[in-house]
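One file, upload-v4.cif, carrying mmCIF, C-alpha atoms:
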data_start
#
loop_
_atom_site.label_atom_id
_atom_site.label_comp_id
_atom_site.auth_asym_id
_atom_site.auth_seq_id
_atom_site.Cartn_x
_atom_site.Cartn_y
_atom_site.Cartn_z
CA MET A 1 -9.11 -0.26 -30.15
CA SER A 2 -7.72 -2.85 -32.58
CA SER A 3 -6.27 -6.12 -31.35
CA ILE A 4 -2.87 -5.11 -32.80
CA GLN A 5 -2.84 -1.88 -30.77
CA ASN A 6 -3.94 -3.79 -27.70
CA GLN A 7 -1.06 -6.24 -28.15
CA ASN A 8 1.38 -3.32 -28.50
CA ILE A 9 0.20 -1.88 -25.20
CA LYS A 10 0.50 -5.27 -23.53
CA ALA A 11 4.02 -5.68 -24.93
CA SER A 12 5.06 -2.23 -23.68
CA LEU A 13 3.80 -3.09 -20.21
CA ASN A 14 5.31 -6.60 -20.38
CA GLU A 15 1.90 -8.15 -19.76
CA ARG A 16 1.73 -11.91 -20.27
CA GLU A 17 -1.11 -14.37 -20.65
CA GLY A 18 -2.22 -17.30 -18.50
CA PHE A 19 -1.59 -17.19 -14.77
CA GLN A 20 0.05 -13.77 -15.14
CA VAL A 21 -3.38 -12.27 -15.88
CA TRP A 22 -4.69 -13.23 -12.45
CA TRP A 23 -1.42 -12.27 -10.79
CA ARG A 24 -1.62 -8.78 -12.30
CA LEU A 25 -5.17 -8.45 -11.01
CA LEU A 26 -3.74 -8.58 -7.48
CA ARG A 27 -1.31 -5.74 -8.34
CA PRO A 28 1.50 -7.53 -6.48
CA HIS A 29 3.74 -4.45 -6.26
CA THR A 30 1.19 -2.99 -3.82
CA LEU A 31 1.01 -6.04 -1.55
CA THR A 32 4.21 -5.10 0.26
CA ALA A 33 2.22 -2.19 1.65
CA ALA A 34 0.20 -4.87 3.47
CA PHE A 35 3.26 -6.81 4.68
CA VAL A 36 5.26 -3.87 6.06
CA PRO A 37 2.85 -2.58 8.78
CA VAL A 38 2.07 -6.10 10.04
CA PHE A 39 5.78 -6.89 10.26
CA VAL A 40 6.61 -3.61 12.00
CA GLY A 41 3.71 -3.84 14.47
CA THR A 42 4.56 -7.44 15.32
CA MET A 43 8.26 -6.65 15.83
CA LEU A 44 7.32 -3.77 18.13
CA ALA A 45 5.48 -6.36 20.20
CA ALA A 46 8.34 -8.88 19.95
CA ILE A 47 10.87 -6.55 21.58
CA GLU A 48 8.49 -6.53 24.53
CA GLN A 49 8.74 -10.32 24.66
CA SER A 50 5.26 -10.87 23.24
CA PHE A 51 4.99 -12.87 20.02
CA ASP A 52 2.54 -15.45 18.70
CA PHE A 53 3.49 -16.80 15.27
CA TRP A 54 -0.02 -17.91 14.28
CA LEU A 55 -1.53 -14.55 15.14
CA PHE A 56 1.19 -12.91 13.07
CA ALA A 57 0.54 -15.25 10.13
CA ALA A 58 -3.23 -14.75 10.30
CA MET A 59 -2.88 -10.97 10.51
CA LEU A 60 -0.42 -10.91 7.62
CA LEU A 61 -2.62 -13.02 5.36
CA ALA A 62 -5.75 -11.03 6.27
CA SER A 63 -3.96 -7.76 5.52
CA ILE A 64 -2.75 -9.03 2.14
CA LEU A 65 -6.24 -10.27 1.26
CA ILE A 66 -7.79 -6.90 2.13
CA GLN A 67 -5.17 -5.06 0.05
CA ALA A 68 -5.71 -7.39 -2.91
CA ALA A 69 -9.49 -7.02 -2.60
CA THR A 70 -9.11 -3.24 -2.52
CA ASN A 71 -7.06 -3.44 -5.72
CA MET A 72 -9.80 -5.50 -7.37
CA PHE A 73 -12.51 -3.08 -6.26
CA ASN A 74 -10.33 -0.37 -7.80
CA GLU A 75 -10.08 -2.32 -11.06
CA TYR A 76 -13.82 -2.95 -11.17
CA TYR A 77 -15.13 0.50 -10.25
CA ASP A 78 -12.63 2.44 -12.37
CA TYR A 79 -13.77 0.32 -15.32
CA ALA A 80 -17.45 0.74 -14.43
CA ARG A 81 -17.03 4.53 -14.27
CA GLY A 82 -15.21 4.59 -17.61
CA LEU A 83 -11.88 5.72 -16.15
CA ASP A 84 -9.87 2.74 -17.39
CA ASN A 85 -9.39 1.80 -21.03
CA GLU A 86 -6.96 -0.25 -23.14
CA ASN A 87 -4.38 2.56 -22.93
CA SER A 88 -4.45 2.85 -19.13
CA VAL A 89 -1.07 2.30 -17.47
CA GLY A 90 -0.60 1.03 -13.95
CA ILE A 91 -3.79 -1.01 -13.71
CA GLY A 92 -4.05 -4.78 -13.75
CA GLY A 93 -5.64 -4.48 -17.20
CA THR A 94 -7.46 -7.76 -16.73
CA ILE A 95 -10.84 -6.29 -17.71
CA VAL A 96 -9.93 -3.83 -20.47
CA ARG A 97 -7.06 -5.77 -22.07
CA ASP A 98 -7.52 -9.42 -21.08
CA GLY A 99 -11.29 -9.69 -21.24
CA ILE A 100 -11.92 -10.92 -17.68
CA ARG A 101 -15.60 -10.34 -16.88
CA PRO A 102 -16.09 -7.37 -14.53
CA LYS A 103 -18.51 -9.36 -12.35
CA MET A 104 -15.81 -12.00 -11.89
CA VAL A 105 -13.41 -9.34 -10.60
CA LEU A 106 -16.07 -8.05 -8.20
CA LEU A 107 -16.85 -11.57 -7.01
CA LEU A 108 -13.18 -12.27 -6.37
CA ALA A 109 -12.87 -9.05 -4.38
CA LEU A 110 -15.83 -10.00 -2.20
CA SER A 111 -14.42 -13.52 -1.78
CA PHE A 112 -11.10 -12.13 -0.60
CA PHE A 113 -12.95 -9.91 1.88
CA ALA A 114 -14.85 -12.97 3.13
CA ALA A 115 -11.62 -14.93 3.58
CA ALA A 116 -10.10 -12.01 5.48
CA GLY A 117 -13.23 -11.95 7.65
CA LEU A 118 -12.77 -15.62 8.58
CA LEU A 119 -9.18 -14.94 9.55
CA GLY A 120 -10.46 -12.00 11.54
CA VAL A 121 -12.70 -14.33 13.55
CA TYR A 122 -9.64 -16.37 14.54
CA ILE A 123 -7.68 -13.22 15.40
CA CYS A 124 -10.51 -11.85 17.54
CA ALA A 125 -11.11 -15.17 19.30
CA SER A 126 -7.41 -15.28 20.15
CA SER A 127 -7.16 -11.66 21.29
CA SER A 128 -10.17 -9.35 21.61
CA TRP A 129 -13.46 -8.92 19.80
CA TRP A 130 -12.86 -5.16 19.78
CA VAL A 131 -10.46 -5.87 16.91
CA ALA A 132 -13.50 -6.90 14.84
CA ALA A 133 -14.93 -3.38 14.96
CA VAL A 134 -11.68 -1.83 13.78
CA GLY A 135 -11.27 -4.52 11.13
CA LEU A 136 -14.76 -4.00 9.76
CA VAL A 137 -14.23 -0.26 9.52
CA SER A 138 -10.94 -0.86 7.71
CA MET A 139 -12.62 -3.21 5.24
CA LEU A 140 -15.40 -0.69 4.70
CA PHE A 141 -12.88 2.01 3.82
CA GLY A 142 -11.10 -0.46 1.56
CA TYR A 143 -14.36 -0.73 -0.39
CA LEU A 144 -15.15 2.99 -0.22
CA TYR A 145 -11.70 3.87 -1.55
CA THR A 146 -13.02 3.40 -5.08
CA GLY A 147 -16.57 2.09 -4.43
CA GLY A 148 -19.69 3.86 -3.27
CA PRO A 149 -21.16 7.15 -4.47
CA PHE A 150 -18.19 9.30 -3.36
CA PRO A 151 -14.95 7.32 -3.90
CA ILE A 152 -12.17 8.50 -1.59
CA ALA A 153 -9.57 7.82 -4.30
CA TYR A 154 -11.09 10.59 -6.41
CA THR A 155 -10.54 13.23 -3.71
CA PRO A 156 -7.49 14.86 -2.04
CA LEU A 157 -8.01 12.50 0.92
CA GLY A 158 -6.82 9.34 -0.84
CA GLU A 159 -3.22 9.44 0.40
CA LEU A 160 -4.22 10.32 3.96
CA THR A 161 -6.83 7.54 4.10
CA ALA A 162 -4.48 4.91 2.68
CA GLY A 163 -1.64 5.92 4.98
CA PHE A 164 -3.84 5.91 8.07
CA PHE A 165 -5.56 2.58 7.48
CA MET A 166 -2.73 0.68 5.75
CA GLY A 167 -0.07 2.17 8.00
CA THR A 168 -1.09 3.31 11.46
CA ILE A 169 -4.19 1.13 11.93
CA ILE A 170 -2.57 -2.11 10.79
CA ILE A 171 0.52 -1.48 12.91
CA ALA A 172 -1.74 -0.76 15.89
CA ILE A 173 -3.81 -3.92 15.40
CA SER A 174 -0.73 -6.07 14.80
CA TYR A 175 0.80 -4.78 18.02
CA PHE A 176 -2.41 -5.01 20.02
CA ILE A 177 -3.26 -8.63 19.21
CA GLN A 178 0.19 -9.66 20.42
CA THR A 179 0.31 -7.59 23.63
CA MET A 180 -3.36 -6.78 24.38
CA THR A 181 -2.27 -3.19 24.95
CA LEU A 182 -1.78 -0.11 22.79
CA THR A 183 0.45 2.84 23.62
CA ALA A 184 0.94 6.28 22.14
CA ASP A 185 4.54 5.32 21.37
CA VAL A 186 3.35 2.68 18.88
CA LEU A 187 1.18 5.24 17.08
CA ILE A 188 4.08 7.69 16.94
CA VAL A 189 6.40 5.04 15.50
CA SER A 190 3.79 4.20 12.85
CA VAL A 191 3.90 7.68 11.30
CA PRO A 192 6.82 7.15 8.85
CA VAL A 193 5.28 3.88 7.63
CA ALA A 194 1.96 5.65 7.10
CA ILE A 195 3.74 8.40 5.16
CA PHE A 196 5.46 5.91 2.86
CA VAL A 197 2.15 4.13 2.19
CA GLY A 198 0.63 7.49 1.29
CA CYS A 199 3.60 8.15 -0.99
CA ILE A 200 2.75 5.03 -3.01
CA LEU A 201 -0.71 6.46 -3.71
CA LEU A 202 0.71 9.90 -4.46
CA ALA A 203 3.17 8.40 -6.95
CA ASN A 204 0.32 6.53 -8.62
CA ASN A 205 -1.71 9.73 -8.85
CA ILE A 206 1.22 11.71 -10.25
CA ARG A 207 1.47 9.17 -13.06
CA ASP A 208 -2.29 9.27 -13.72
CA ARG A 209 -2.74 13.01 -13.17
CA VAL A 210 -3.75 14.02 -16.70
CA ASN A 211 -6.20 11.19 -17.26
CA ASP A 212 -7.67 11.61 -13.76
CA ALA A 213 -8.23 15.33 -14.35
CA GLU A 214 -10.01 14.61 -17.61
CA ASN A 215 -12.33 12.23 -15.75
CA GLY A 216 -13.24 14.61 -12.95
CA ARG A 217 -10.98 13.43 -10.14
CA LYS A 218 -9.61 15.93 -7.62
CA THR A 219 -6.51 14.18 -6.30
CA LEU A 220 -3.61 15.96 -4.62
CA ALA A 221 -1.55 15.44 -7.76
CA ILE A 222 -4.15 17.35 -9.77
CA LEU A 223 -4.39 20.15 -7.20
CA PHE A 224 -0.59 20.53 -6.91
CA GLY A 225 0.27 20.02 -10.58
CA HIS A 226 3.16 17.88 -11.80
CA GLN A 227 6.06 19.90 -10.36
CA GLY A 228 4.20 20.71 -7.17
CA SER A 229 3.42 17.03 -6.65
CA ILE A 230 7.07 16.07 -7.07
CA ARG A 231 8.03 18.68 -4.48
CA PHE A 232 5.34 17.39 -2.13
CA LEU A 233 6.54 13.79 -2.59
CA THR A 234 10.07 14.95 -1.83
CA ALA A 235 8.85 16.71 1.31
CA LEU A 236 6.99 13.59 2.48
CA PHE A 237 10.12 11.47 2.04
CA ALA A 238 12.14 14.05 3.98
CA VAL A 239 9.61 14.17 6.83
CA ALA A 240 9.53 10.37 7.09
CA TYR A 241 13.31 10.08 7.37
CA LEU A 242 13.57 13.05 9.72
CA TRP A 243 10.81 11.55 11.90
CA THR A 244 12.75 8.28 12.00
CA ALA A 245 15.92 10.08 13.07
CA VAL A 246 14.08 11.89 15.86
CA LEU A 247 12.55 8.61 17.06
CA MET A 248 16.04 7.15 17.39
CA ILE A 249 17.34 10.19 19.22
CA ILE A 250 14.51 10.13 21.79
CA GLY A 251 14.77 6.37 22.22
CA LEU A 252 11.52 5.18 20.65
CA LEU A 253 13.51 3.37 17.98
CA PRO A 254 16.87 1.62 18.43
CA TRP A 255 20.00 2.89 16.74
CA TRP A 256 19.81 -0.23 14.58
CA SER A 257 17.04 1.65 12.75
CA LEU A 258 19.76 3.59 10.98
CA LEU A 259 19.48 0.67 8.56
CA THR A 260 16.26 2.21 7.21
CA PHE A 261 18.28 5.00 5.62
CA ILE A 262 19.55 2.49 3.06
CA SER A 263 16.21 3.11 1.34
CA VAL A 264 17.09 6.77 0.67
CA GLY A 265 18.64 5.75 -2.65
CA LYS A 266 15.32 4.37 -3.87
CA ALA A 267 13.51 7.50 -2.72
CA ARG A 268 15.96 9.62 -4.68
CA LYS A 269 15.46 7.40 -7.73
CA ALA A 270 11.70 7.89 -7.45
CA ILE A 271 12.01 11.67 -7.42
CA GLN A 272 14.43 11.66 -10.33
CA GLY A 273 12.15 9.28 -12.22
CA PHE A 274 9.24 11.71 -12.10
CA THR A 275 11.28 14.81 -12.94
CA GLY A 276 10.90 15.88 -16.54
CA LYS A 277 8.56 13.00 -17.43
CA LYS A 278 5.18 13.52 -19.07
CA GLU A 279 3.91 10.15 -20.28
CA PRO A 280 2.45 7.61 -17.79
CA LEU A 281 4.60 4.81 -19.20
CA GLU A 282 7.73 6.91 -18.63
CA MET A 283 6.78 7.34 -14.96
CA MET A 284 6.25 3.64 -14.21
CA PRO A 285 9.85 3.15 -12.97
CA ALA A 286 9.42 6.10 -10.59
CA MET A 287 6.19 4.67 -9.23
CA LYS A 288 7.84 1.29 -8.71
CA ALA A 289 10.80 2.95 -6.98
CA THR A 290 8.34 4.63 -4.59
CA ALA A 291 6.79 1.28 -3.71
CA GLN A 292 10.28 -0.21 -3.29
CA THR A 293 11.20 2.62 -0.94
CA ASN A 294 8.28 1.64 1.29
CA THR A 295 9.24 -2.03 1.13
CA ILE A 296 12.92 -1.54 1.92
CA TYR A 297 12.25 1.02 4.65
CA GLY A 298 9.57 -1.10 6.32
CA PHE A 299 11.50 -4.36 6.12
CA LEU A 300 14.64 -2.74 7.54
CA LEU A 301 12.63 -1.02 10.28
CA GLY A 302 11.13 -4.33 11.36
CA LEU A 303 14.53 -6.02 11.04
CA SER A 304 16.14 -3.35 13.22
CA LEU A 305 13.60 -4.08 15.95
CA LEU A 306 14.31 -7.80 15.65
CA ILE A 307 18.06 -7.18 15.89
CA GLN A 308 17.45 -4.99 18.94
CA LEU A 309 15.70 -7.93 20.58
CA TYR A 310 18.84 -10.06 20.42
CA PHE A 311 21.56 -7.41 20.32
CA PRO A 312 20.28 -4.42 22.30
CA LEU A 313 22.09 -1.10 21.95
#
Encoded form (structure tokens):
Amino acid sequence: MSSIQNQNIKASLNEREGFQVWWRLLRPHTLTAAFVPVFVGTMLAAIEQSFDFWLFAAMLLASILIQAATNMFNEYYDYARGLDNENSVGIGGTIVRDGIRPKMVLLLALSFFAAAGLLGVYICASSSWWVAAVGLVSMLFGYLYTGGPFPIAYTPLGELTAGFFMGTIIIAISYFIQTMTLTADVLIVSVPVAIFVGCILLANNIRDRVNDAENGRKTLAILFGHQGSIRFLTALFAVAYLWTAVLMIIGLLPWWSLLTFISVGKARKAIQGFTGKKEPLEMMPAMKATAQTNTIYGFLLGLSLLIQLYFPL
């Protein structure tokens, strides 16, 4: 690809030089998926009068580091397998468009994992060493998502894996290290967050469906087709909001959690953004709206729990 064409792609994606190259490598729009479950799990503990700020901060930073490392593994292994090129949309583009050495990306990913591991030592020393086992498994799956001989991201299990580990597991750990207990109620409350995390991956795969199919992937978006995937995304949004409503009715969430329904507008925008679109660049706003739905929903869910702490209904 010529340098002129490369610059045109970069301009279309609003990619800048300098520090922005390294910032894009982190894929910052995905990092909220790391913030939300830690915030929600910690607020679930806070309403039970159990909150340690430093444990919260350590867990939040470790979660963000693991998510960023997973993104970098994704960047490295998709490049190594020939899936990413100068035309690829939705990637950091640091290797194929900015010329960052692949080994540097891999080294950074491993460094982020190491930093998360050090934070994990503090978390375990302050709570329980059983957390280490769960944390190591989570980090392993973060690597296996695009690394290893059978990358999970290339199968129909990508959304389920991401939702489980980046939703339910992180909420459970965040709650456990604050309270030293874990209840079924916490796992039930985690379900909508897990669904929204999975939706982020589904939106990404809808955008990349054609290219992924050409490269041998078997994602849900490929299996369902474009229209089927949009319907499935719509159904997932509906289930998440319905689940939230039921949780309020049965008392597992406070009525303040009605605030989460403010995010419905973003979910609708995501669905509309995918409808009738064919080109990956055209679907970028829809993918971003999906990520924003997760962010707004998760932040408002955690906020509703915090409000309940001081103004119980």
- Query: When distances are computed from only C-alpha atoms, which of A:Leu44, A:Val210, A:Leu106, A:Leu55 shows the smallest separation from A:Leu83?
  - Reply: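 Going through A:Leu44, A:Val210, A:Leu106, A:Leu55 one by one, the smallest distance to A:Leu83 is for A:Val210.
Between A:Thr181 and the residues A:Gln227, A:Gln308, A:Asn71, A:Ser50, the shortest atom-to-atom distance, using all atoms listed in the file, involves A:Ser50.
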- Would you mind listing what lies within 12 Å of A:Lys269 as a PyMOL selection string, with only C-alpha atoms counted and same-chain residues fewer than 6 positions away left out? chain A and resi 234+237+263+275+283-293
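Among the candidate residues A:Gly216, A:Pro280, A:Pro192, A:Pro254, the one lying nearest to A:Tyr241 is A:Pro192, with distances computed using all atoms listed in the file.
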- Item | Point-to-point distance from atom CA of A:Gly148 to atom CA of A:Val38, Å rounded to tenths |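 Calculated distance between atom CA of A:Gly148 and atom CA of A:Val38 is 27.4 Å.
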- Task: Determine the nearest neighbour of A:Thr219 from the options A:Tyr154, A:Phe311, A:Phe73, A:Trp23, counting only C-alpha atoms.
- Result: A:Tyr154
- Written as a list in words, which residues does the PyMOL selection byres ((chain A and resi 302) around 9) give for the file shown? Val36, Pro37, Phe39, Val40, Gly41, Thr42, Met43, Leu44, Ser257, Tyr297, Gly298, Phe299, Leu300, Leu301, Leu303, Ser304, Leu305, Leu306 and Ile307 of chain A
Picked residues, the PyMOL selection byres ((chain A and resi 131) around 12), as a PDB file with C-alpha atoms, in the frame of the given file:
ATOM      1  CA  MET A  59      -2.880 -10.970  10.510  1.00  0.00           C
ATOM      2  CA  GLY A 117     -13.230 -11.950   7.650  1.00  0.00           C
ATOM      3  CA  LEU A 119      -9.180 -14.940   9.550  1.00  0.00           C
ATOM      4  CA  GLY A 120     -10.460 -12.000  11.540  1.00  0.00           C
ATOM      5  CA  VAL A 121     -12.700 -14.330  13.550  1.00  0.00           C
ATOM      6  CA  TYR A 122      -9.640 -16.370  14.540  1.00  0.00           C
ATOM      7  CA  ILE A 123      -7.680 -13.220  15.400  1.00  0.00           C
ATOM      8  CA  CYS A 124     -10.510 -11.850  17.540  1.00  0.00           C
ATOM      9  CA  ALA A 125     -11.110 -15.170  19.300  1.00  0.00           C
ATOM     10  CA  SER A 126      -7.410 -15.280  20.150  1.00  0.00           C
ATOM     11  CA  SER A 127      -7.160 -11.660  21.290  1.00  0.00           C
ATOM     12  CA  SER A 128     -10.170  -9.350  21.610  1.00  0.00           C
ATOM     13  CA  TRP A 129     -13.460  -8.920  19.800  1.00  0.00           C
ATOM     14  CA  TRP A 130     -12.860  -5.160  19.780  1.00  0.00           C
ATOM     15  CA  ALA A 132     -13.500  -6.900  14.840  1.00  0.00           C
ATOM     16  CA  ALA A 133     -14.930  -3.380  14.960  1.00  0.00           C
ATOM     17  CA  VAL A 134     -11.680  -1.830  13.780  1.00  0.00           C
ATOM     18  CA  GLY A 135     -11.270  -4.520  11.130  1.00  0.00           C
ATOM     19  CA  LEU A 136     -14.760  -4.000   9.760  1.00  0.00           C
ATOM     20  CA  VAL A 137     -14.230  -0.260   9.520  1.00  0.00           C
ATOM     21  CA  SER A 138     -10.940  -0.860   7.710  1.00  0.00           C
ATOM     22  CA  ILE A 169      -4.190   1.130  11.930  1.00  0.00           C
ATOM     23  CA  ILE A 170      -2.570  -2.110  10.790  1.00  0.00           C
ATOM     24  CA  ALA A 172      -1.740  -0.760  15.890  1.00  0.00           C
ATOM     25  CA  ILE A 173      -3.810  -3.920  15.400  1.00  0.00           C
ATOM     26  CA  SER A 174      -0.730  -6.070  14.800  1.00  0.00           C
ATOM     27  CA  TYR A 175       0.800  -4.780  18.020  1.00  0.00           C
ATOM     28  CA  PHE A 176      -2.410  -5.010  20.020  1.00  0.00           C
ATOM     29  CA  ILE A 177      -3.260  -8.630  19.210  1.00  0.00           C
ATOM     30  CA  GLN A 178       0.190  -9.660  20.420  1.00  0.00           C
ATOM     31  CA  MET A 180      -3.360  -6.780  24.380  1.00  0.00           C
ATOM     32  CA  THR A 181      -2.270  -3.190  24.950  1.00  0.00           C
ATOM     33  CA  LEU A 182      -1.780  -0.110  22.790  1.00  0.00           C
TER      34      LEU A 182
END
- Item | Nearest residue to A:Ala45 from the set A:Val186, A:Leu61, A:Leu313, A:Ala240 (distances using all atoms listed in the file) |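 That would be A:Val186, the residue with the smallest distance to A:Ala45.
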- Task: In the coordinate frame of the file, compute which residues have an atom within 12 Å of (-10.0, 13.9, -1.1) when using all atoms listed in the file, and state them as a count of residues only.
- Result: 23
- At what distance in Å, to one decimal, does atom CA of A:Ala34 lie from atom CA of A:Glu48?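 Pair atom CA of A:Glu48 / atom CA of A:Ala34 returns 22.7 Å.
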- Task: Could you please determine the separation between atom CA of A:Tyr143 and atom CA of A:Leu233 in Å, to one decimal place?
- Result: 25.5 Å
- Show which residues sit within 10 Å of A:Ile230, as a PyMOL selection string. Count all atoms listed in the file, and ignore same-chain residues fewer than 4 positions away. chain A and resi 202-203+206+221+224-226+234-236+270-275
- Selection result for the PyMOL selection byres ((chain A and resi 115) around 12) on this file, as a PyMOL selection string: chain A and resi 58-59+61-66+68-69+108-114+116-122+139
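The nearest approach to A:Arg81 among the residues A:Val193, A:Gly198, A:Asn215, A:Thr168, with only C-alpha atoms taken into account, belongs to A:Asn215.
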Because some atoms of stretch 70-78 of chain A are absent here, can you restore all heavy atoms and send them as a tab-separated table (two decimals), in the coordinates of the input?
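The file below, selection-v9.tsv, is the result:
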chain	number	residue	atom	x	y	z
A	70	THR	N	-9.02	-4.66	-2.23
A	70	THR	CA	-9.11	-3.24	-2.52
A	70	THR	C	-8.64	-2.95	-3.94
A	70	THR	O	-9.25	-2.15	-4.67
A	70	THR	CB	-8.28	-2.43	-1.51
A	70	THR	OG1	-8.77	-2.68	-0.19
A	70	THR	CG2	-8.36	-0.94	-1.79
A	71	ASN	N	-7.55	-3.60	-4.35
A	71	ASN	CA	-7.06	-3.44	-5.72
A	71	ASN	C	-8.09	-3.89	-6.73
A	71	ASN	O	-8.27	-3.27	-7.78
A	71	ASN	CB	-5.77	-4.25	-5.91
A	71	ASN	CG	-4.61	-3.70	-5.10
A	71	ASN	OD1	-4.61	-2.54	-4.72
A	71	ASN	ND2	-3.62	-4.54	-4.85
A	72	MET	N	-8.79	-4.99	-6.44
A	72	MET	CA	-9.80	-5.50	-7.37
A	72	MET	C	-11.02	-4.60	-7.41
A	72	MET	O	-11.62	-4.40	-8.48
A	72	MET	CB	-10.16	-6.94	-7.00
A	72	MET	CG	-9.07	-7.94	-7.38
A	72	MET	SD	-9.54	-9.66	-7.10
A	72	MET	CE	-8.98	-9.88	-5.42
A	73	PHE	N	-11.42	-4.07	-6.26
A	73	PHE	CA	-12.51	-3.08	-6.26
A	73	PHE	C	-12.10	-1.88	-7.13
A	73	PHE	O	-12.92	-1.34	-7.88
A	73	PHE	CB	-12.82	-2.61	-4.84
A	73	PHE	CG	-13.66	-3.56	-4.05
A	73	PHE	CD1	-13.26	-3.97	-2.78
A	73	PHE	CD2	-14.86	-4.04	-4.55
A	73	PHE	CE1	-14.05	-4.85	-2.05
A	73	PHE	CE2	-15.65	-4.92	-3.83
A	73	PHE	CZ	-15.24	-5.33	-2.57
A	74	ASN	N	-10.84	-1.48	-7.00
A	74	ASN	CA	-10.33	-0.37	-7.80
A	74	ASN	C	-10.44	-0.68	-9.28
A	74	ASN	O	-10.92	0.14	-10.09
A	74	ASN	CB	-8.85	-0.13	-7.42
A	74	ASN	CG	-8.36	1.22	-7.89
A	74	ASN	OD1	-8.92	1.82	-8.79
A	74	ASN	ND2	-7.27	1.68	-7.29
A	75	GLU	N	-10.02	-1.89	-9.67
A	75	GLU	CA	-10.08	-2.32	-11.06
A	75	GLU	C	-11.53	-2.30	-11.58
A	75	GLU	O	-11.82	-1.82	-12.67
A	75	GLU	CB	-9.50	-3.73	-11.18
A	75	GLU	CG	-9.29	-4.19	-12.61
A	75	GLU	CD	-7.86	-4.01	-13.07
A	75	GLU	OE1	-7.06	-3.41	-12.33
A	75	GLU	OE2	-7.56	-4.45	-14.18
A	76	TYR	N	-12.42	-2.83	-10.76
A	76	TYR	CA	-13.82	-2.95	-11.17
A	76	TYR	C	-14.49	-1.58	-11.29
A	76	TYR	O	-15.12	-1.27	-12.32
A	76	TYR	CB	-14.59	-3.81	-10.17
A	76	TYR	CG	-16.08	-3.86	-10.44
A	76	TYR	CD1	-16.61	-4.70	-11.41
A	76	TYR	CD2	-16.95	-3.03	-9.72
A	76	TYR	CE1	-17.97	-4.73	-11.66
A	76	TYR	CE2	-18.32	-3.06	-9.97
A	76	TYR	CZ	-18.82	-3.90	-10.94
A	76	TYR	OH	-20.17	-3.91	-11.19
A	77	TYR	N	-14.38	-0.76	-10.25
A	77	TYR	CA	-15.13	0.50	-10.25
A	77	TYR	C	-14.53	1.54	-11.20
A	77	TYR	O	-15.28	2.34	-11.77
A	77	TYR	CB	-15.23	1.05	-8.83
A	77	TYR	CG	-16.28	0.33	-8.02
A	77	TYR	CD1	-15.92	-0.57	-7.02
A	77	TYR	CD2	-17.63	0.51	-8.26
A	77	TYR	CE1	-16.88	-1.26	-6.29
A	77	TYR	CE2	-18.60	-0.17	-7.54
A	77	TYR	CZ	-18.22	-1.06	-6.56
A	77	TYR	OH	-19.17	-1.75	-5.85
A	78	ASP	N	-13.21	1.53	-11.38
A	78	ASP	CA	-12.63	2.44	-12.37
A	78	ASP	C	-13.09	2.07	-13.77
A	78	ASP	O	-13.34	2.94	-14.61
A	78	ASP	CB	-11.11	2.41	-12.29
A	78	ASP	CG	-10.57	3.25	-11.14
A	78	ASP	OD1	-11.38	3.90	-10.46
A	78	ASP	OD2	-9.35	3.25	-10.92
